[in-house]
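Here is the structure we will look at, set down as structure tokens.
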Amino acid sequence: MTLSSITETRPLADGHQIPKFGFGTYLLSDQATMDATIKTAWDAGYRLFDTAMLYRNEDLLGNTLQTLTLPRPDLYLTSKVAEVVQGYDETLKAVEGSLKRLQTDYLDLLLIHWPVREHFFDTWRAMEQLKADGKVRSIGVSNYTVAHLELLATQAKEMPVVNQVEYHPYLNQQALLDYDTANHIVTEAWSPLGRRAVLGDPMIKKIGEHHQKSVAQVILRWELQHGILPIPKSQHAERIVENAQVFDFELTDDELSMIDLLNKNQRTGNEPEIVYETGKQY
Ligand SMILES: NC(=O)c1ccc[n+]([C@@H]2O[C@H](COP(=O)([O-])OP(=O)(O)OC[C@H]3O[C@@H](n4cnc5c(N)ncnc54)[C@H](OP(=O)(O)O)[C@@H]3O)[C@@H](O)[C@H]2O)c1
């Protein structure tokens, strides 16, 4: 896979293309911050913007995209179905709300935010319907384990093309990545910087010094070279630009392996199996 520019795309199993790198919007919660942040990100080359019903900022992002008059075909918009609106009819209705708030007539990618046992197959059936109706171009999941994906395969007409999971050097989900890859599912990394928990790592700092790159840049490059699609979030202009400058250096195989060894199975977020059983984040 070539990795020479932030605007490059990669193919999805359903025939669509997805940018190789994206931007997270969790906790961008006022209009002025959203406007300034998205403007900086767009100018730095980000095209994929990740939101969710749960973030309560789809309306802010929708307003920003209108204000900045960004060309819709050049944007890649992702949203996610929240736990509380899972189920067949509920999902169809909830996505109408997302489209209205984002002021668009289609999403590029819709994900089920977390697996929920009670509505597991019905929600996916709604996702397939939304794709057939042209409301969403691609459908995927988030926080699915290998077991959830295998269960889904027993009834799905089509399988997810993306699985967005927590992934960073302290939670290196190599087995899940291998499974996704073997099944033509793109792995997106949420909290790709471990919500800052990994940024003080001395080993990564040393590797960064060698390349004259920051710890954040080394981590994002490690993810890209492993075929993962990172969606870092920042609301500081200099960091937004810094995070995008990861296409002008390359980590060696030894450096990749050294970072692989830092795994501690350390989560910043919820354990998917508990959300699956209880039906909610905790
Ligand atoms: N599917 C899911 O369940 C799920 C869950 C969580 C997140 N997500 C998505 O993934 C996106 C990213 O995850 P995240 O926001 O949790 O975590 P993250 O991207 O790993 O880290 C964001 C934090 O790191 C800081 N930061 C960013 N770049 C930095 C840099 N170069 N140097 C120093 N600090 C830096 C940010 O601070 P400032 O903003 O102050 O710069 C912010 O505090 C979210 O925005 C959301 O879209 C999805």
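FYI, nothing fancy with the structure tokens labels: chains A, B, ... in order, residues from 1 per chain, ligands from 1 as they appear.
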Counting only C-alpha atoms, what is within 9 Å of A:Glu128, bar same-chain residues fewer than 5 positions away, as a VMD selection string? chain A and resid 123 133 139 156 to 158
Print the selection's residues with N, CA, C and O atoms to a file, as a CSV table (one decimal), in the first residue's frame.
chain,number,residue,atom,x,y,z
A,123,THR,N,-30.6,-4.6,13.9
A,123,THR,CA,-29.9,-3.4,13.6
A,123,THR,C,-29.2,-3.6,12.3
A,123,THR,O,-29.2,-2.7,11.4
A,133,ASP,N,-31.3,1.5,0.0
A,133,ASP,CA,-32.1,2.7,-0.3
A,133,ASP,C,-31.2,3.9,-0.7
A,133,ASP,O,-31.8,5.0,-1.0
A,139,ILE,N,-21.6,0.3,4.7
A,139,ILE,CA,-22.0,0.0,6.1
A,139,ILE,C,-20.9,-0.8,6.8
A,139,ILE,O,-20.2,-1.6,6.2
A,156,ALA,N,-26.0,-12.2,8.1
A,156,ALA,CA,-25.8,-11.0,7.3
A,156,ALA,C,-25.9,-11.4,5.8
A,156,ALA,O,-25.4,-12.4,5.4
A,157,LYS,N,-26.6,-10.5,5.0
A,157,LYS,CA,-26.6,-10.7,3.6
A,157,LYS,C,-25.3,-10.1,3.0
A,157,LYS,O,-24.8,-10.6,2.1
A,158,GLU,N,-24.8,-9.0,3.6
A,158,GLU,CA,-23.5,-8.6,3.3
A,158,GLU,C,-22.8,-8.2,4.6
A,158,GLU,O,-23.4,-7.8,5.6
List all protein, DNA and RNA residues that have an atom no more than 6 Å from any atom of ligand 1, counting only C-alpha atoms and all ligand atoms, and report them as a PyMOL selection string. chain A and resi 24-26+50-51+113+142+164+190-196+216+231-236+239+242-243
Using only C-alpha atoms, which residues sit within 12 Å of A:Leu262 once same-chain residues fewer than 3 positions away are excluded, as an MDAnalysis selection string? chainID A and resid 168:173 198 201:204 219 255:259 265:266
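Listed by chain and then by rising number, the residues of stretch 86-160 of chain A that DSSP assigns to strand (DSSP E) from the backbone are Leu107, Asp108, Leu109, Leu110, Leu111, Ile112, Val136, Arg137, Ser138, Ile139, Gly140, Val141 and Ser142 of chain A.
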Considering only alpha helix (DSSP H) as DSSP defines it on the backbone, what residues of stretch 73-282 of chain A qualify? List them as a ChimeraX atom specification. /A:88-102,120-132,146-153,174-182,202-211,215-225,237-244,253-260,272-278
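For the pair atom CA of A:Thr78 and atom CA of A:Leu110, the interatomic distance is 5.7 Å.
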Do a neighbour search on A:His119 at 10 Å with only C-alpha atoms, toss out local chain neighbours closer than 3 positions, and write the hits as a ChimeraX atom specification. /A:83,85-88,115-116,122-125,276,279
Could you write out that same residue set with C-alpha atoms as a PDB file, in the first residue's frame?
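Listing of selection-v9.pdb after writing:
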ATOM      1  CA  GLU A  83     -27.109   1.954  21.414  1.00  0.00           C
ATOM      2  CA  VAL A  85     -31.815   3.611  18.932  1.00  0.00           C
ATOM      3  CA  GLN A  86     -30.827   0.099  17.883  1.00  0.00           C
ATOM      4  CA  GLY A  87     -33.486  -2.197  16.387  1.00  0.00           C
ATOM      5  CA  TYR A  88     -34.843  -2.266  12.810  1.00  0.00           C
ATOM      6  CA  PRO A 115     -22.627  -4.382  19.429  1.00  0.00           C
ATOM      7  CA  VAL A 116     -25.834  -4.907  21.450  1.00  0.00           C
ATOM      8  CA  ASP A 122     -32.231  -6.394  13.504  1.00  0.00           C
ATOM      9  CA  THR A 123     -29.939  -3.381  13.559  1.00  0.00           C
ATOM     10  CA  TRP A 124     -27.728  -4.921  10.896  1.00  0.00           C
ATOM     11  CA  ARG A 125     -30.795  -5.680   8.734  1.00  0.00           C
ATOM     12  CA  TYR A 276     -22.901  -6.251  24.116  1.00  0.00           C
ATOM     13  CA  GLY A 279     -26.833  -2.875  25.903  1.00  0.00           C
TER      14      GLY A 279
END
Distance query stretch 4-14 of chain A at most 10 Å, only C-alpha atoms, self and fewer than 4 positions along chain excluded, as a CSV table (one decimal) with N, CA and C atoms, in the first residue's frame:
chain,number,residue,atom,x,y,z
A,18,ILE,N,-12.3,4.8,0.4
A,18,ILE,CA,-12.3,5.5,1.7
A,18,ILE,C,-10.9,6.2,1.9
A,19,PRO,N,-10.8,7.4,2.4
A,19,PRO,CA,-9.5,8.0,2.6
A,19,PRO,C,-8.7,7.1,3.6
A,20,LYS,N,-7.4,7.2,3.5
A,20,LYS,CA,-6.5,6.3,4.3
A,20,LYS,C,-6.3,6.9,5.7
A,21,PHE,N,-6.8,8.1,5.9
A,21,PHE,CA,-6.5,8.9,7.2
A,21,PHE,C,-7.8,9.7,7.4
A,22,GLY,N,-8.1,9.9,8.7
A,22,GLY,CA,-9.3,10.7,8.9
A,22,GLY,C,-9.2,11.6,10.2
A,44,ALA,N,-5.5,21.2,5.9
A,44,ALA,CA,-4.3,20.3,6.1
A,44,ALA,C,-4.5,19.0,5.2
A,45,GLY,N,-5.7,18.8,4.6
A,45,GLY,CA,-5.8,17.7,3.7
A,45,GLY,C,-6.8,16.6,4.2
A,46,TYR,N,-7.3,16.7,5.5
A,46,TYR,CA,-8.2,15.7,5.9
A,46,TYR,C,-9.5,15.8,5.1
A,47,ARG,N,-10.0,14.6,4.7
A,47,ARG,CA,-11.3,14.6,4.0
A,47,ARG,C,-12.3,13.7,4.7
A,48,LEU,N,-11.9,12.8,5.6
A,48,LEU,CA,-12.8,11.9,6.3
A,48,LEU,C,-13.1,12.5,7.7
A,74,ASP,N,-16.2,15.6,-2.3
A,74,ASP,CA,-14.8,15.5,-1.8
A,74,ASP,C,-14.8,15.2,-0.3
A,137,ARG,N,-23.7,4.9,1.7
A,137,ARG,CA,-22.9,4.3,0.6
A,137,ARG,C,-22.3,2.9,1.1
A,138,SER,N,-21.7,3.0,2.4
A,138,SER,CA,-21.1,1.8,2.9
A,138,SER,C,-21.6,1.6,4.3
A,139,ILE,N,-21.6,0.3,4.7
A,139,ILE,CA,-22.0,0.0,6.1
A,139,ILE,C,-20.9,-0.8,6.8
A,158,GLU,N,-24.8,-9.0,3.6
A,158,GLU,CA,-23.5,-8.6,3.3
A,158,GLU,C,-22.8,-8.2,4.6
A,159,MET,N,-21.4,-8.3,4.6
A,159,MET,CA,-20.7,-8.1,5.8
A,159,MET,C,-20.2,-6.7,5.9
A,160,PRO,N,-19.9,-6.2,7.1
A,160,PRO,CA,-19.3,-4.8,7.2
A,160,PRO,C,-18.0,-4.7,6.4
A,161,VAL,N,-17.8,-3.5,5.9
A,161,VAL,CA,-16.6,-3.2,5.2
A,161,VAL,C,-15.5,-2.5,6.1
A,162,VAL,N,-16.0,-2.0,7.3
A,162,VAL,CA,-15.1,-1.3,8.2
A,162,VAL,C,-15.5,-1.8,9.6
A,183,ASN,N,-10.6,-10.9,6.1
A,183,ASN,CA,-12.1,-10.9,5.7
A,183,ASN,C,-12.4,-9.6,5.0
A,184,HIS,N,-11.4,-8.9,4.5
A,184,HIS,CA,-11.6,-7.7,3.6
A,184,HIS,C,-12.3,-6.6,4.4
A,185,ILE,N,-12.1,-6.5,5.7
A,185,ILE,CA,-12.7,-5.4,6.5
A,185,ILE,C,-11.5,-4.4,6.9
A,186,VAL,N,-11.8,-3.2,6.6
A,186,VAL,CA,-10.8,-2.1,7.0
A,186,VAL,C,-10.9,-1.9,8.5
A,229,LEU,N,-6.5,2.5,9.6
A,229,LEU,CA,-7.0,3.9,9.2
A,229,LEU,C,-7.2,4.7,10.5
A,244,ALA,N,-1.2,15.4,10.6
A,244,ALA,CA,-1.4,15.1,9.2
A,244,ALA,C,0.0,14.9,8.5
A,245,GLN,N,1.1,15.4,9.2
A,245,GLN,CA,2.4,15.3,8.5
A,245,GLN,C,3.1,14.0,8.8
A,246,VAL,N,2.5,12.9,8.3
A,246,VAL,CA,3.0,11.6,8.6
A,246,VAL,C,3.2,10.8,7.3
A,247,PHE,N,3.3,11.5,6.2
A,247,PHE,CA,3.4,10.9,4.9
A,247,PHE,C,4.8,11.1,4.3
A,248,ASP,N,5.7,11.7,5.1
A,248,ASP,CA,7.0,12.0,4.5
A,248,ASP,C,8.2,11.3,5.3
A,249,PHE,N,7.8,10.2,6.0
A,249,PHE,CA,8.9,9.4,6.6
A,249,PHE,C,8.4,8.0,6.7
A:Asn270 environment, 10 Å, only C-alpha atoms, sequence neighbours closer than 6 positions dropped, as a tab-separated table (two decimals) with C-alpha atoms, in the first residue's frame:
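Result file selection.tsv:
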chain	number	residue	atom	x	y	z
A	114	TRP	CA	-21.36	-0.81	19.73
A	143	ASN	CA	-16.21	-2.20	18.63
A	166	GLU	CA	-9.83	1.24	19.92
A	280	LYS	CA	-25.12	0.31	27.04
A	281	GLN	CA	-21.74	1.94	27.68
A	282	TYR	CA	-20.74	2.14	31.30
Mind giving me the straight-line distance from atom CA of A:Gln66 to atom CA of A:Gln17 in Å, one decimal? 23.3 Å
Set the distance at 8 Å and use only C-alpha atoms: which residues neighbour A:Gly62 once local chain neighbours fewer than 5 positions away are removed? I'd like the list as a PyMOL selection string. chain A and resi 101-104
The selected residues should be written to file as a compact mmCIF listing (two decimals), in the first residue's frame (atoms: all heavy atoms).
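Below is the file that was written, selection-v5.txt:
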# COMPACT_ATOMS: atom_id res chain seq x y z
N ARG A 101 -29.49 16.47 10.44
CA ARG A 101 -28.54 17.29 11.22
C ARG A 101 -27.27 17.58 10.43
O ARG A 101 -26.69 18.66 10.53
CB ARG A 101 -28.20 16.58 12.54
CG ARG A 101 -29.37 16.60 13.54
CD ARG A 101 -28.96 16.06 14.89
NE ARG A 101 -28.69 14.64 14.90
CZ ARG A 101 -29.62 13.69 15.00
NH1 ARG A 101 -30.89 14.00 15.12
NH2 ARG A 101 -29.28 12.41 15.00
N LEU A 102 -26.83 16.61 9.64
CA LEU A 102 -25.60 16.81 8.85
C LEU A 102 -25.89 17.55 7.54
O LEU A 102 -24.94 17.86 6.80
CB LEU A 102 -24.94 15.45 8.57
CG LEU A 102 -24.20 14.85 9.77
CD1 LEU A 102 -23.97 13.35 9.59
CD2 LEU A 102 -22.86 15.55 9.99
N GLN A 103 -27.17 17.82 7.27
CA GLN A 103 -27.58 18.56 6.07
C GLN A 103 -27.05 17.92 4.79
O GLN A 103 -26.45 18.57 3.94
CB GLN A 103 -27.16 20.03 6.17
CG GLN A 103 -27.74 20.72 7.41
CD GLN A 103 -27.33 22.16 7.54
OE1 GLN A 103 -27.43 22.93 6.60
NE2 GLN A 103 -26.85 22.55 8.72
N THR A 104 -27.28 16.61 4.72
CA THR A 104 -26.83 15.86 3.53
C THR A 104 -27.87 14.80 3.22
O THR A 104 -28.66 14.43 4.10
CB THR A 104 -25.44 15.21 3.79
OG1 THR A 104 -25.01 14.56 2.59
CG2 THR A 104 -25.48 14.19 4.92
